[in-house]
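Below is one structure, written out as structure tokens, with a few remarks after it.
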Amino acid sequence: IVSNKTNTLILNQFFKHLFLKKKYLQSLKKQSILIKVLKNTNYKLIDHSLTKEKYKALVNDNIIMYIINIIFSRSNTFLTITNSIGQLKFYASAGHLNFKGKSKKSRSNVLKSIYQLLSTKLNFLKGKPIALHLKNVGFKRFSIIQKLKTKFFIKSIKIFNVFPFNGCRKKKVKRKKI
């Protein structure tokens, strides 16, 4: 009777251990699928679902470490550099680069100074895989990409155009009272 009970206890422990291993393997599978999906889709959303351990594993796999955002608005130009988690590492605008008034709108001059800033002050970007996100960039996007590719290891490029093609509906014209 005693040996029968010990056998059942040992079997129960074995099955419990086996069940826990199965659960662990299933969670690992889910995590690997999640990482593959994140790797293939959107690097900006990485921070919402990764823990520190997963982040270190992703960095070791040599995926995107920094994201360079170049944003053109109608009256200003912004440069932000974040790591893949989304923490801001560097920020500059045309105003920070000593452009005032109408000179902020001249994109070519602002781009030259941004490129000089990237190549001189931001040496931590060299040799690291980078994602380049361009917002509202027109025909200059090809020259921007070519210039940045000479200095940095750009792994992915995303272009967002937010300006409307047709614009908003015009306000109704009021009739004149006579």
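In the structure tokens, each chain is lettered A, B, ... as it comes, each chain's residues begin at 1, and ligands are numbered from 1 in order of appearance.
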
Do you know which residues are at most 12 Å from region 163-177 of chain A counting only C-alpha atoms, after dropping those on the same chain fewer than 5 positions away, and could you put them as a ChimeraX atom specification?
/A:71-74,135-138

Selection from above, N, CA and C atoms, as a JSON list (two decimals), in the first residue's frame, can you write it?
[["chain", "number", "residue", "atom", "x", "y", "z"],
["A", 71, "ILE", "N", 10.29, 65.60, -39.22],
["A", 71, "ILE", "CA", 8.91, 66.03, -39.41],
["A", 71, "ILE", "C", 8.91, 67.44, -40.00],
["A", 72, "PHE", "N", 8.26, 67.57, -41.14],
["A", 72, "PHE", "CA", 8.11, 68.88, -41.77],
["A", 72, "PHE", "C", 6.68, 69.34, -41.56],
["A", 73, "SER", "N", 6.52, 70.49, -40.91],
["A", 73, "SER", "CA", 5.20, 71.12, -40.87],
["A", 73, "SER", "C", 5.24, 72.28, -41.86],
["A", 74, "ARG", "N", 4.16, 73.01, -41.96],
["A", 74, "ARG", "CA", 4.13, 74.10, -42.94],
["A", 74, "ARG", "C", 5.11, 75.22, -42.58],
["A", 135, "LYS", "N", 8.02, 62.47, -42.12],
["A", 135, "LYS", "CA", 6.63, 62.92, -42.16],
["A", 135, "LYS", "C", 6.52, 64.17, -43.00],
["A", 136, "ASN", "N", 5.57, 64.16, -43.93],
["A", 136, "ASN", "CA", 5.26, 65.30, -44.80],
["A", 136, "ASN", "C", 6.43, 65.73, -45.66],
["A", 137, "VAL", "N", 7.26, 64.80, -46.07],
["A", 137, "VAL", "CA", 8.40, 65.12, -46.92],
["A", 137, "VAL", "C", 7.96, 64.95, -48.37],
["A", 138, "GLY", "N", 8.27, 65.92, -49.19],
["A", 138, "GLY", "CA", 7.87, 65.86, -50.59],
["A", 138, "GLY", "C", 8.93, 65.18, -51.43]]

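Nearest to Ala94 (chain A) of all the residues A:Leu117, A:Ile10, A:Ile81, A:His133 is A:Leu117, based on only C-alpha atoms.
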
Pick from A:Ile68, A:Ile63, A:Ile145, A:Leu132 nearest to Lys158 (chain A), counting only C-alpha atoms
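Answer, going by the shortest atom-to-atom distance: A:Leu132.
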
Selected residue, from A:Phe15, A:Tyr24, A:Tyr91, A:Phe152, that lies nearest to Asn123 (chain A) when counting only C-alpha atoms
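Looking at the shortest contact to Asn123 (chain A), the residue is A:Phe152.
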
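CA of Asn76 (chain A) is positioned 8.6 Å from CA of Arg107 (chain A).
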
Report the distance between CA of Ser103 (chain A) and CA of Thr77 (chain A) in Å, rounded to one decimal place.
10.9 Å

Contacts of Lys147 (chain A) within 12 Å, only C-alpha atoms, excl. fewer than 2 positions in-chain, as number ranges by chain
A: 111-112, 114-116, 118-119, 140-145, 149-154

For a test of reading the model, state the distance in Å between CA of Ser113 (chain A) and CA of Lys100 (chain A), rounded to one decimal.
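The value is 13.7 Å.
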